[in-house]
$ cat work17.cif   # mmCIF, C-alpha atoms; chains and numbers go by the auth columns
data_my_file
#
loop_
_atom_site.group_PDB
_atom_site.id
_atom_site.type_symbol
_atom_site.label_atom_id
_atom_site.label_comp_id
_atom_site.label_asym_id
_atom_site.label_seq_id
_atom_site.Cartn_x
_atom_site.Cartn_y
_atom_site.Cartn_z
_atom_site.B_iso_or_equiv
_atom_site.auth_seq_id
_atom_site.auth_asym_id
ATOM 1 C CA MET A 1 98.503 -51.317 -75.719 0.00 1 B
ATOM 2 C CA LYS A 2 98.530 -47.516 -75.854 0.00 2 B
ATOM 3 C CA GLN A 3 101.915 -47.610 -77.555 0.00 3 B
ATOM 4 C CA ILE A 4 100.579 -49.985 -80.200 0.00 4 B
ATOM 5 C CA ALA A 5 97.582 -47.704 -80.751 0.00 5 B
ATOM 6 C CA ALA A 6 99.929 -44.752 -81.179 0.00 6 B
ATOM 7 C CA TYR A 7 101.822 -46.536 -83.956 0.00 7 B
ATOM 8 C CA ILE A 8 98.542 -47.350 -85.690 0.00 8 B
ATOM 9 C CA LEU A 9 96.803 -43.979 -85.289 0.00 9 B
ATOM 10 C CA THR A 10 99.751 -41.664 -86.000 0.00 10 B
ATOM 11 C CA PRO A 11 100.022 -42.531 -89.733 0.00 11 B
ATOM 12 C CA ILE A 12 96.254 -42.093 -90.056 0.00 12 B
ATOM 13 C CA PHE A 13 96.449 -38.705 -88.331 0.00 13 B
ATOM 14 C CA TRP A 14 99.240 -37.453 -90.575 0.00 14 B
ATOM 15 C CA GLY A 15 97.563 -38.935 -93.636 0.00 15 B
ATOM 16 C CA ILE A 16 94.408 -36.925 -92.937 0.00 16 B
ATOM 17 C CA PHE A 17 96.501 -33.858 -92.069 0.00 17 B
ATOM 18 C CA TRP A 18 98.304 -33.847 -95.405 0.00 18 B
ATOM 19 C CA LEU A 19 95.171 -34.823 -97.331 0.00 19 B
ATOM 20 C CA LEU A 20 93.420 -31.736 -95.952 0.00 20 B
ATOM 21 C CA LEU A 21 96.357 -29.520 -96.926 0.00 21 B
ATOM 22 C CA LEU A 22 96.372 -30.975 -100.440 0.00 22 B
ATOM 23 C CA LEU A 23 92.591 -30.680 -100.790 0.00 23 B
ATOM 24 C CA PHE A 24 92.379 -27.075 -99.630 0.00 24 B
ATOM 25 C CA HIS A 25 95.275 -25.811 -101.719 0.00 25 B
ATOM 26 C CA PRO A 26 93.330 -25.689 -105.024 0.00 26 B
ATOM 27 C CA ILE A 27 90.267 -24.485 -103.118 0.00 27 B
ATOM 28 C CA GLN A 28 92.304 -21.513 -101.892 0.00 28 B
ATOM 29 C CA VAL A 29 93.634 -20.781 -105.367 0.00 29 B
ATOM 30 C CA ILE A 30 90.187 -20.909 -106.968 0.00 30 B
ATOM 31 C CA THR A 31 88.373 -18.903 -104.302 0.00 31 B
ATOM 32 C CA ASN A 32 91.124 -16.286 -104.257 0.00 32 B
ATOM 33 C CA TYR A 33 90.924 -15.907 -108.045 0.00 33 B
ATOM 34 C CA LEU A 34 87.126 -15.807 -108.265 0.00 34 B
ATOM 35 C CA TRP A 35 86.075 -14.031 -105.061 0.00 35 B
ATOM 36 C CA GLY A 36 89.190 -12.651 -103.439 0.00 36 B
ATOM 37 C CA TYR A 37 90.480 -12.437 -99.902 0.00 37 B
ATOM 38 C CA ARG A 38 87.284 -12.779 -97.844 0.00 38 B
ATOM 39 C CA VAL A 39 86.073 -16.074 -99.315 0.00 39 B
ATOM 40 C CA ARG A 40 89.555 -17.566 -99.456 0.00 40 B
ATOM 41 C CA ASN A 41 90.101 -16.613 -95.813 0.00 41 B
ATOM 42 C CA ARG A 42 86.912 -18.411 -94.771 0.00 42 B
ATOM 43 C CA CYS A 43 88.255 -21.519 -96.487 0.00 43 B
ATOM 44 C CA VAL A 44 91.480 -21.185 -94.493 0.00 44 B
ATOM 45 C CA ASP A 45 89.454 -20.906 -91.281 0.00 45 B
ATOM 46 C CA PHE A 46 87.518 -24.072 -92.133 0.00 46 B
ATOM 47 C CA LEU A 47 90.721 -25.922 -93.026 0.00 47 B
ATOM 48 C CA ASN A 48 92.154 -25.146 -89.598 0.00 48 B
ATOM 49 C CA PHE A 49 88.902 -26.144 -87.906 0.00 49 B
ATOM 50 C CA LEU A 50 89.207 -29.547 -89.589 0.00 50 B
ATOM 51 C CA LEU A 51 92.886 -29.824 -88.644 0.00 51 B
ATOM 52 C CA LEU A 52 91.905 -29.279 -85.014 0.00 52 B
ATOM 53 C CA LYS A 53 89.108 -31.841 -85.258 0.00 53 B
ATOM 54 C CA ASN A 54 91.668 -34.327 -86.561 0.00 54 B
ATOM 55 C CA LEU A 55 93.279 -34.245 -83.098 0.00 55 B
ATOM 56 C CA TRP A 56 90.281 -36.185 -81.777 0.00 56 B
ATOM 57 C CA LEU A 57 91.600 -39.167 -83.712 0.00 57 B
ATOM 58 C CA ILE A 58 94.572 -39.379 -81.350 0.00 58 B
ATOM 59 C CA GLY A 59 92.465 -38.814 -78.261 0.00 59 B
ATOM 60 C CA SER A 60 93.223 -35.134 -77.697 0.00 60 B
ATOM 61 C CA ARG A 61 90.446 -32.871 -76.481 0.00 61 B
ATOM 62 C CA VAL A 62 90.774 -29.202 -77.362 0.00 62 B
ATOM 63 C CA ARG A 63 89.650 -26.341 -75.118 0.00 63 B
ATOM 64 C CA PHE A 64 89.632 -22.634 -75.940 0.00 64 B
ATOM 65 C CA GLN A 65 89.193 -20.051 -73.214 0.00 65 B
ATOM 66 C CA GLY A 66 89.404 -16.321 -72.614 0.00 66 B
ATOM 67 C CA PHE A 67 88.379 -15.128 -76.079 0.00 67 B
ATOM 68 C CA GLU A 68 85.557 -13.060 -74.617 0.00 68 B
ATOM 69 C CA LYS A 69 88.280 -10.640 -73.414 0.00 69 B
ATOM 70 C CA LEU A 70 89.080 -9.514 -76.956 0.00 70 B
ATOM 71 C CA PRO A 71 87.810 -6.222 -78.365 0.00 71 B
ATOM 72 C CA SER A 72 86.482 -6.093 -81.910 0.00 72 B
ATOM 73 C CA ASP A 73 87.495 -2.529 -82.768 0.00 73 B
ATOM 74 C CA ARG A 74 91.285 -2.633 -82.362 0.00 74 B
ATOM 75 C CA PRO A 75 94.172 -4.420 -84.034 0.00 75 B
ATOM 76 C CA LEU A 76 95.726 -7.170 -81.931 0.00 76 B
ATOM 77 C CA ILE A 77 99.299 -8.322 -81.441 0.00 77 B
ATOM 78 C CA ILE A 78 99.089 -11.956 -80.349 0.00 78 B
ATOM 79 C CA VAL A 79 102.156 -12.922 -78.311 0.00 79 B
ATOM 80 C CA ALA A 80 102.277 -16.703 -77.970 0.00 80 B
ATOM 81 C CA ASN A 81 104.604 -19.353 -76.638 0.00 81 B
ATOM 82 C CA HIS A 82 105.761 -21.860 -79.243 0.00 82 B
ATOM 83 C CA GLN A 83 105.625 -25.614 -78.625 0.00 83 B
ATOM 84 C CA SER A 84 105.283 -27.416 -81.959 0.00 84 B
ATOM 85 C CA THR A 85 104.405 -27.211 -85.637 0.00 85 B
ATOM 86 C CA LEU A 86 100.782 -27.761 -84.570 0.00 86 B
ATOM 87 C CA ASP A 87 100.580 -24.319 -82.902 0.00 87 B
ATOM 88 C CA ILE A 88 99.214 -22.542 -85.974 0.00 88 B
ATOM 89 C CA SER A 89 95.720 -24.029 -86.209 0.00 89 B
ATOM 90 C CA PRO A 90 94.562 -22.934 -82.742 0.00 90 B
ATOM 91 C CA VAL A 91 95.667 -19.383 -83.529 0.00 91 B
ATOM 92 C CA VAL A 92 93.886 -19.316 -86.883 0.00 92 B
ATOM 93 C CA TRP A 93 90.658 -20.839 -85.583 0.00 93 B
ATOM 94 C CA GLY A 94 90.609 -19.177 -82.173 0.00 94 B
ATOM 95 C CA PHE A 95 91.251 -15.685 -83.558 0.00 95 B
ATOM 96 C CA ARG A 96 89.333 -16.181 -86.815 0.00 96 B
ATOM 97 C CA ARG A 97 87.164 -13.099 -86.244 0.00 97 B
ATOM 98 C CA HIS A 98 90.367 -11.057 -86.148 0.00 98 B
ATOM 99 C CA HIS A 99 91.964 -12.454 -89.340 0.00 99 B
ATOM 100 C CA PRO A 100 95.288 -13.470 -87.749 0.00 100 B
ATOM 101 C CA LYS A 101 98.482 -13.018 -89.763 0.00 101 B
ATOM 102 C CA PHE A 102 101.860 -14.505 -88.957 0.00 102 B
ATOM 103 C CA ILE A 103 105.521 -13.626 -88.888 0.00 103 B
ATOM 104 C CA ALA A 104 107.020 -16.646 -90.621 0.00 104 B
ATOM 105 C CA LYS A 105 110.332 -17.808 -92.041 0.00 105 B
ATOM 106 C CA ILE A 106 110.506 -17.063 -95.763 0.00 106 B
ATOM 107 C CA GLU A 107 111.324 -20.735 -96.383 0.00 107 B
ATOM 108 C CA LEU A 108 107.749 -21.656 -95.388 0.00 108 B
ATOM 109 C CA ALA A 109 106.375 -19.659 -98.330 0.00 109 B
ATOM 110 C CA ARG A 110 107.140 -22.448 -100.756 0.00 110 B
ATOM 111 C CA GLY A 111 106.644 -26.180 -101.000 0.00 111 B
ATOM 112 C CA ILE A 112 103.918 -26.733 -98.378 0.00 112 B
ATOM 113 C CA PRO A 113 100.388 -27.210 -99.742 0.00 113 B
ATOM 114 C CA SER A 114 97.828 -24.693 -98.422 0.00 114 B
ATOM 115 C CA ILE A 115 100.208 -23.278 -95.821 0.00 115 B
ATOM 116 C CA SER A 116 102.658 -21.670 -98.261 0.00 116 B
ATOM 117 C CA TYR A 117 99.829 -20.241 -100.363 0.00 117 B
ATOM 118 C CA ASN A 118 98.115 -18.757 -97.327 0.00 118 B
ATOM 119 C CA LEU A 119 101.338 -17.170 -96.095 0.00 119 B
ATOM 120 C CA LYS A 120 102.007 -15.569 -99.489 0.00 120 B
ATOM 121 C CA HIS A 121 98.456 -14.415 -100.203 0.00 121 B
ATOM 122 C CA GLY A 122 97.044 -13.835 -96.717 0.00 122 B
ATOM 123 C CA GLY A 123 99.050 -10.804 -95.635 0.00 123 B
ATOM 124 C CA SER A 124 101.621 -12.475 -93.370 0.00 124 B
ATOM 125 C CA ALA A 125 105.196 -11.211 -92.978 0.00 125 B
ATOM 126 C CA LEU A 126 107.794 -13.492 -94.569 0.00 126 B
ATOM 127 C CA ILE A 127 111.184 -12.843 -93.053 0.00 127 B
ATOM 128 C CA ASP A 128 114.739 -13.892 -93.812 0.00 128 B
ATOM 129 C CA ARG A 129 116.308 -14.373 -90.397 0.00 129 B
ATOM 130 C CA SER A 130 119.780 -13.766 -91.844 0.00 130 B
ATOM 131 C CA LYS A 131 118.736 -10.277 -93.004 0.00 131 B
ATOM 132 C CA ARG A 132 117.668 -8.123 -90.073 0.00 132 B
ATOM 133 C CA ALA A 133 116.760 -5.088 -92.188 0.00 133 B
ATOM 134 C CA GLN A 134 114.482 -7.160 -94.423 0.00 134 B
ATOM 135 C CA SER A 135 112.846 -8.796 -91.414 0.00 135 B
ATOM 136 C CA ILE A 136 112.075 -5.490 -89.681 0.00 136 B
ATOM 137 C CA LYS A 137 110.775 -4.003 -92.945 0.00 137 B
ATOM 138 C CA GLU A 138 108.338 -6.897 -93.416 0.00 138 B
ATOM 139 C CA ILE A 139 107.180 -6.784 -89.790 0.00 139 B
ATOM 140 C CA ILE A 140 106.537 -3.041 -90.041 0.00 140 B
ATOM 141 C CA LYS A 141 104.579 -3.630 -93.254 0.00 141 B
ATOM 142 C CA LEU A 142 102.469 -6.210 -91.393 0.00 142 B
ATOM 143 C CA GLY A 143 101.959 -3.798 -88.501 0.00 143 B
ATOM 144 C CA ARG A 144 100.648 -1.105 -90.838 0.00 144 B
ATOM 145 C CA TYR A 145 98.319 -3.634 -92.434 0.00 145 B
ATOM 146 C CA ILE A 146 96.723 -4.716 -89.151 0.00 146 B
ATOM 147 C CA GLU A 147 96.507 -1.095 -88.022 0.00 147 B
ATOM 148 C CA LYS A 148 94.540 -0.208 -91.151 0.00 148 B
ATOM 149 C CA GLU A 149 92.270 -3.268 -91.207 0.00 149 B
ATOM 150 C CA LYS A 150 91.944 -3.842 -87.425 0.00 150 B
ATOM 151 C CA TYR A 151 93.315 -7.373 -87.881 0.00 151 B
ATOM 152 C CA ALA A 152 95.638 -9.447 -85.692 0.00 152 B
ATOM 153 C CA ALA A 153 99.314 -10.336 -86.043 0.00 153 B
ATOM 154 C CA CYS A 154 100.745 -13.348 -84.251 0.00 154 B
ATOM 155 C CA ILE A 155 104.350 -13.473 -83.124 0.00 155 B
ATOM 156 C CA PHE A 156 106.250 -16.263 -81.359 0.00 156 B
ATOM 157 C CA PRO A 157 108.942 -14.204 -79.590 0.00 157 B
ATOM 158 C CA GLU A 158 110.870 -17.253 -78.381 0.00 158 B
ATOM 159 C CA GLY A 159 112.019 -17.591 -81.987 0.00 159 B
ATOM 160 C CA THR A 160 112.195 -21.390 -81.919 0.00 160 B
ATOM 161 C CA ARG A 161 109.960 -24.114 -80.528 0.00 161 B
ATOM 162 C CA SER A 162 110.326 -25.261 -76.940 0.00 162 B
ATOM 163 C CA ARG A 163 110.621 -29.023 -77.059 0.00 163 B
ATOM 164 C CA ASP A 164 110.025 -29.514 -73.338 0.00 164 B
ATOM 165 C CA GLY A 165 107.314 -26.889 -72.865 0.00 165 B
ATOM 166 C CA ARG A 166 109.556 -24.554 -70.856 0.00 166 B
ATOM 167 C CA VAL A 167 109.070 -20.999 -72.093 0.00 167 B
ATOM 168 C CA LYS A 168 112.275 -19.489 -73.453 0.00 168 B
ATOM 169 C CA THR A 169 113.238 -15.840 -73.064 0.00 169 B
ATOM 170 C CA PHE A 170 111.107 -13.595 -75.269 0.00 170 B
ATOM 171 C CA GLN A 171 112.845 -11.285 -77.735 0.00 171 B
ATOM 172 C CA SER A 172 111.364 -7.797 -78.044 0.00 172 B
ATOM 173 C CA ALA A 173 112.524 -6.651 -81.505 0.00 173 B
ATOM 174 C CA GLY A 174 109.546 -8.025 -83.438 0.00 174 B
ATOM 175 C CA ILE A 175 107.037 -6.765 -80.891 0.00 175 B
ATOM 176 C CA ALA A 176 108.703 -3.338 -80.949 0.00 176 B
ATOM 177 C CA ALA A 177 108.421 -3.136 -84.742 0.00 177 B
ATOM 178 C CA LEU A 178 104.749 -4.131 -84.650 0.00 178 B
ATOM 179 C CA LEU A 179 103.959 -1.589 -81.935 0.00 179 B
ATOM 180 C CA ARG A 180 105.652 1.202 -83.902 0.00 180 B
ATOM 181 C CA ALA A 181 103.615 0.399 -87.012 0.00 181 B
ATOM 182 C CA ALA A 182 100.334 -0.366 -85.212 0.00 182 B
ATOM 183 C CA PRO A 183 100.162 2.184 -82.374 0.00 183 B
ATOM 184 C CA SER A 184 96.516 1.431 -81.538 0.00 184 B
ATOM 185 C CA ALA A 185 97.115 -2.318 -81.175 0.00 185 B
ATOM 186 C CA LEU A 186 96.345 -4.241 -78.003 0.00 186 B
ATOM 187 C CA VAL A 187 98.862 -6.898 -76.956 0.00 187 B
ATOM 188 C CA VAL A 188 97.294 -10.291 -76.233 0.00 188 B
ATOM 189 C CA PRO A 189 99.304 -12.997 -74.415 0.00 189 B
ATOM 190 C CA PHE A 190 98.200 -16.383 -75.743 0.00 190 B
ATOM 191 C CA VAL A 191 99.032 -19.640 -73.969 0.00 191 B
ATOM 192 C CA ILE A 192 99.525 -22.868 -75.901 0.00 192 B
ATOM 193 C CA ASP A 193 99.483 -25.730 -73.417 0.00 193 B
ATOM 194 C CA GLY A 194 100.009 -29.382 -74.315 0.00 194 B
ATOM 195 C CA ASN A 195 101.223 -29.293 -77.914 0.00 195 B
ATOM 196 C CA TYR A 196 104.806 -30.125 -76.952 0.00 196 B
ATOM 197 C CA GLN A 197 103.576 -33.327 -75.286 0.00 197 B
ATOM 198 C CA LEU A 198 102.024 -34.489 -78.555 0.00 198 B
ATOM 199 C CA VAL A 199 105.448 -34.528 -80.181 0.00 199 B
ATOM 200 C CA ALA A 200 107.537 -35.490 -77.136 0.00 200 B
ATOM 201 C CA ARG A 201 108.888 -38.463 -79.133 0.00 201 B
ATOM 202 C CA GLY A 202 108.949 -36.585 -82.421 0.00 202 B
ATOM 203 C CA HIS A 203 106.287 -36.651 -85.096 0.00 203 B
ATOM 204 C CA PHE A 204 106.129 -40.446 -84.986 0.00 204 B
ATOM 205 C CA PRO A 205 104.574 -41.794 -82.944 0.00 205 B
ATOM 206 C CA LEU A 206 102.445 -38.997 -81.535 0.00 206 B
ATOM 207 C CA ALA A 207 101.382 -39.176 -77.901 0.00 207 B
ATOM 208 C CA LEU A 208 97.746 -40.169 -77.373 0.00 208 B
ATOM 209 C CA GLY A 209 95.144 -38.611 -75.128 0.00 209 B
ATOM 210 C CA ILE A 210 96.930 -35.306 -74.478 0.00 210 B
ATOM 211 C CA PRO A 211 94.537 -32.526 -73.322 0.00 211 B
ATOM 212 C CA LEU A 212 95.177 -29.290 -75.221 0.00 212 B
ATOM 213 C CA THR A 213 94.267 -25.869 -73.865 0.00 213 B
ATOM 214 C CA TYR A 214 94.547 -22.579 -75.725 0.00 214 B
ATOM 215 C CA SER A 215 94.020 -19.532 -73.536 0.00 215 B
ATOM 216 C CA VAL A 216 93.758 -15.794 -74.067 0.00 216 B
ATOM 217 C CA LEU A 217 95.138 -14.016 -70.999 0.00 217 B
ATOM 218 C CA ASP A 218 94.308 -10.487 -69.886 0.00 218 B
ATOM 219 C CA PRO A 219 95.343 -8.150 -72.715 0.00 219 B
ATOM 220 C CA ILE A 220 98.163 -5.686 -72.121 0.00 220 B
ATOM 221 C CA GLU A 221 97.595 -2.023 -72.917 0.00 221 B
ATOM 222 C CA PRO A 222 100.931 -0.889 -74.423 0.00 222 B
ATOM 223 C CA ALA A 223 100.287 2.845 -74.091 0.00 223 B
ATOM 224 C CA GLY A 224 102.892 4.368 -71.783 0.00 224 B
ATOM 225 C CA LYS A 225 105.122 1.288 -71.886 0.00 225 B
ATOM 226 C CA ASP A 226 108.153 0.522 -74.010 0.00 226 B
ATOM 227 C CA ALA A 227 108.428 -2.660 -76.054 0.00 227 B
ATOM 228 C CA GLU A 228 110.779 -4.326 -73.582 0.00 228 B
ATOM 229 C CA GLU A 229 108.329 -3.837 -70.731 0.00 229 B
ATOM 230 C CA VAL A 230 105.408 -5.115 -72.801 0.00 230 B
ATOM 231 C CA THR A 231 107.446 -8.162 -73.826 0.00 231 B
ATOM 232 C CA GLU A 232 108.434 -8.913 -70.237 0.00 232 B
ATOM 233 C CA LEU A 233 104.829 -8.585 -69.062 0.00 233 B
ATOM 234 C CA ALA A 234 103.619 -10.993 -71.765 0.00 234 B
ATOM 235 C CA GLU A 235 106.373 -13.497 -70.980 0.00 235 B
ATOM 236 C CA ALA A 236 105.658 -13.358 -67.246 0.00 236 B
ATOM 237 C CA ALA A 237 101.908 -13.804 -67.773 0.00 237 B
ATOM 238 C CA ILE A 238 102.398 -16.830 -70.025 0.00 238 B
ATOM 239 C CA LYS A 239 104.898 -18.439 -67.639 0.00 239 B
ATOM 240 C CA ALA A 240 102.549 -17.868 -64.716 0.00 240 B
ATOM 241 C CA ALA A 241 99.648 -19.448 -66.592 0.00 241 B
ATOM 242 C CA LEU A 242 101.850 -22.487 -67.291 0.00 242 B
ATOM 243 C CA LYS A 243 103.025 -22.503 -63.657 0.00 243 B
ATOM 244 C CA GLN A 244 106.636 -21.930 -64.646 0.00 244 B
#
$ encode --input "work17.cif" --output "structure tokens"
Amino acid sequence: MKQIAAYILTPIFWGIFWLLLLLFHPIQVITNYLWGYRVRNRCVDFLNFLLLKNLWLIGSRVRFQGFEKLPSDRPLIIVANHQSTLDISPVVWGFRRHHPKFIAKIELARGIPSISYNLKHGGSALIDRSKRAQSIKEIIKLGRYIEKEKYAACIFPEGTRSRDGRVKTFQSAGIAALLRAAPSALVVPFVIDGNYQLVARGHFPLALGIPLTYSVLDPIEPAGKDAEEVTELAEAAIKAALKQ
């Protein structure tokens, strides 16, 4: 019975998902043109709130925890594990007060309603993975931006999604570039738990009734530590929280 429900509810879930992206694309364009970054960014926050609420349709209950640990007067470097394409919304909504930006593949900057526009106009770093110099340049530019504005940058240092939920080895290059450009930033390990189970069988059908938890762990003060040490500490904290 649950399997039948999954085949019925999954198309509805994705239909609503894409409808929201299509609906909010012109809203972003108009608000950005008329009122600029602040109003457009609030629209992006609300879009991601609705995308999270859509998970209720497939029986998932979402829990956020640990956000009271975050300061409001420093830039943040969010270091998160990566489980699925659905990882973005919890970052955007959970860290909304910190205006999170992303390090994303340059290919994502075109062809995806709402998402591509937000990446191009929201201050994120768009990198070409085949061009290391370009990637580092864009990450440093992002680091300087969050340093100036006291915003947050999110990085998935595994590089690719973990399909079984096992955390892969973190790479330190991106974190090192961000720390050089944003020396006052606080590093925040962020645990995404459950998203990989949603797509255990791919994007169709989705698994039903998966509990999803998004947790801020104790921040890491990078002062006096090199990027490799900070990266290892973040990786170890996330693995421990996931009991790996």
$ closest_atom_pairs --input "work17.cif" --of "stretch 83-129 of chain B" --to "stretch 200-209 of chain B" --cutoff "12 Å" --atoms "all atoms listed in the file" --output "CSV"
residue,atom,partner,partner_atom,distance
B:Gln83,CA,B:Ala200,CA,10.2
B:Ser84,CA,B:Ala200,CA,9.7
B:Thr85,CA,B:His203,CA,9.6
B:Leu86,CA,B:His203,CA,10.5
$ closest_residue --input "work17.cif" --among "B:Asn54, B:Ser172, B:Asn118, B:Ser184" --to "B:Trp18" --atoms "all atoms listed in the file"
B:Asn54
$ residues_around --input "work17.cif" --residues "stretch 42-49 of chain B" --least-positions-apart "4" --cutoff "7 Å" --atoms "only C-alpha atoms" --output "list of chain:residue names"
B:Phe24, B:Gln28, B:Arg38, B:Lys53, B:Ser89, B:Val92, B:Trp93, B:Arg96
$ residues_around --input "work17.cif" --residues "B:Ala80" --least-positions-apart "4" --cutoff "8 Å" --atoms "only C-alpha atoms" --output "VMD selection string"
chain B and resid 154 to 157 189 to 192 238
$ atom_distance --input "work17.cif" --atom1 "atom CA of B:Leu21" --atom2 "atom CA of B:Lys105"
18.9 Å
$ resolve_selection --input "work17.cif" --expression "the PyMOL selection byres ((chain B and resi 231) around 8)" --output "PDB file with C-alpha atoms, in the coordinates of the input"
ATOM      1  CA  PHE B 170     111.107 -13.595 -75.269  1.00  0.00           C
ATOM      2  CA  GLN B 171     112.845 -11.285 -77.735  1.00  0.00           C
ATOM      3  CA  SER B 172     111.364  -7.797 -78.044  1.00  0.00           C
ATOM      4  CA  ILE B 175     107.037  -6.765 -80.891  1.00  0.00           C
ATOM      5  CA  ALA B 227     108.428  -2.660 -76.054  1.00  0.00           C
ATOM      6  CA  GLU B 228     110.779  -4.326 -73.582  1.00  0.00           C
ATOM      7  CA  GLU B 229     108.329  -3.837 -70.731  1.00  0.00           C
ATOM      8  CA  VAL B 230     105.408  -5.115 -72.801  1.00  0.00           C
ATOM      9  CA  GLU B 232     108.434  -8.913 -70.237  1.00  0.00           C
ATOM     10  CA  LEU B 233     104.829  -8.585 -69.062  1.00  0.00           C
ATOM     11  CA  ALA B 234     103.619 -10.993 -71.765  1.00  0.00           C
ATOM     12  CA  GLU B 235     106.373 -13.497 -70.980  1.00  0.00           C
TER      13      GLU B 235
END
$ closest_residue --input "work17.cif" --among "B:Leu57, B:Leu212, B:Val62, B:Ala152" --to "B:Leu9" --atoms "only C-alpha atoms"
B:Leu57
$ atom_distance --input "work17.cif" --atom1 "atom CA of B:Val79" --atom2 "atom CA of B:Val188"
5.9 Å
$ closest_residue --input "work17.cif" --among "B:Gly165, B:Gly224, B:Gly174, B:Gly122" --to "B:Glu138" --atoms "all atoms listed in the file"
B:Gly174
$ closest_residue --input "work17.cif" --among "B:Leu217, B:Arg40, B:Ile58, B:Gly94" --to "B:Ala5" --atoms "all atoms listed in the file"
B:Ile58
$ atom_distance --input "work17.cif" --atom1 "atom CA of B:Leu142" --atom2 "atom CA of B:Gln65"
26.4 Å
$ closest_residue --input "work17.cif" --among "B:Ile140, B:Ile78, B:Ile103, B:Ala176" --to "B:Asp218" --atoms "all atoms listed in the file"
B:Ile78
$ resolve_selection --input "work17.cif" --expression "the PyMOL selection byres ((chain B and resi 211) around 9)" --output "PyMOL selection string"
chain B and resi 59-63+193-195+209-210+212-213
$ closest_residue --input "work17.cif" --among "B:Ile139, B:His99, B:Gly36, B:Leu22" --to "B:Gly111" --atoms "all atoms listed in the file"
B:Leu22
$ resolve_selection --input "work17.cif" --expression "the PyMOL selection byres ((chain B and resi 123) around 12)" --output "PyMOL selection string"
chain B and resi 37+41+99-104+109+116-122+124-126+138-139+141-146+149+151-154
$ axis_aligned_box --input "work17.cif" --around "stretch 108-123 of chain B" --padding-each-side "4 Å" --output "AutoDock Vina command-line options"
--center_x 102.4 --center_y -19.0 --center_z -98.2 --size_x 18.7 --size_y 24.4 --size_z 13.6
$ residues_around --input "work17.cif" --residues "B:Ser72" --least-positions-apart "3" --cutoff "10 Å" --atoms "all atoms listed in the file" --output "list of chain:residue names"
B:Lys69, B:Pro75, B:Leu76, B:Arg97, B:His98, B:Lys150, B:Tyr151
$ build_atoms --input "work17.cif" --residues "stretch 15-26 of chain B" --atoms "N, CA and C atoms" --output "compact mmCIF listing (two decimals), in the frame of the given file"
# COMPACT_ATOMS: atom_id res chain seq x y z
N GLY B 15 98.16 -38.76 -92.32
CA GLY B 15 97.56 -38.94 -93.64
C GLY B 15 96.41 -37.97 -93.85
N ILE B 16 95.53 -37.86 -92.85
CA ILE B 16 94.41 -36.92 -92.94
C ILE B 16 94.92 -35.49 -92.95
N PHE B 17 95.91 -35.20 -92.14
CA PHE B 17 96.50 -33.86 -92.07
C PHE B 17 96.97 -33.40 -93.45
N TRP B 18 97.77 -34.22 -94.10
CA TRP B 18 98.30 -33.85 -95.40
C TRP B 18 97.24 -33.89 -96.49
N LEU B 19 96.28 -34.78 -96.37
CA LEU B 19 95.17 -34.82 -97.33
C LEU B 19 94.38 -33.52 -97.29
N LEU B 20 94.14 -33.01 -96.09
CA LEU B 20 93.42 -31.74 -95.95
C LEU B 20 94.22 -30.59 -96.57
N LEU B 21 95.53 -30.57 -96.33
CA LEU B 21 96.36 -29.52 -96.93
C LEU B 21 96.33 -29.60 -98.45
N LEU B 22 96.40 -30.80 -98.99
CA LEU B 22 96.37 -30.98 -100.44
C LEU B 22 95.01 -30.60 -101.02
N LEU B 23 93.95 -30.96 -100.32
CA LEU B 23 92.59 -30.68 -100.79
C LEU B 23 92.30 -29.18 -100.80
N PHE B 24 92.73 -28.49 -99.75
CA PHE B 24 92.38 -27.08 -99.63
C PHE B 24 93.30 -26.15 -100.42
N HIS B 25 94.40 -26.67 -100.92
CA HIS B 25 95.28 -25.81 -101.72
C HIS B 25 94.57 -25.31 -102.98
N PRO B 26 94.05 -26.20 -103.83
CA PRO B 26 93.33 -25.69 -105.02
C PRO B 26 92.07 -24.90 -104.66
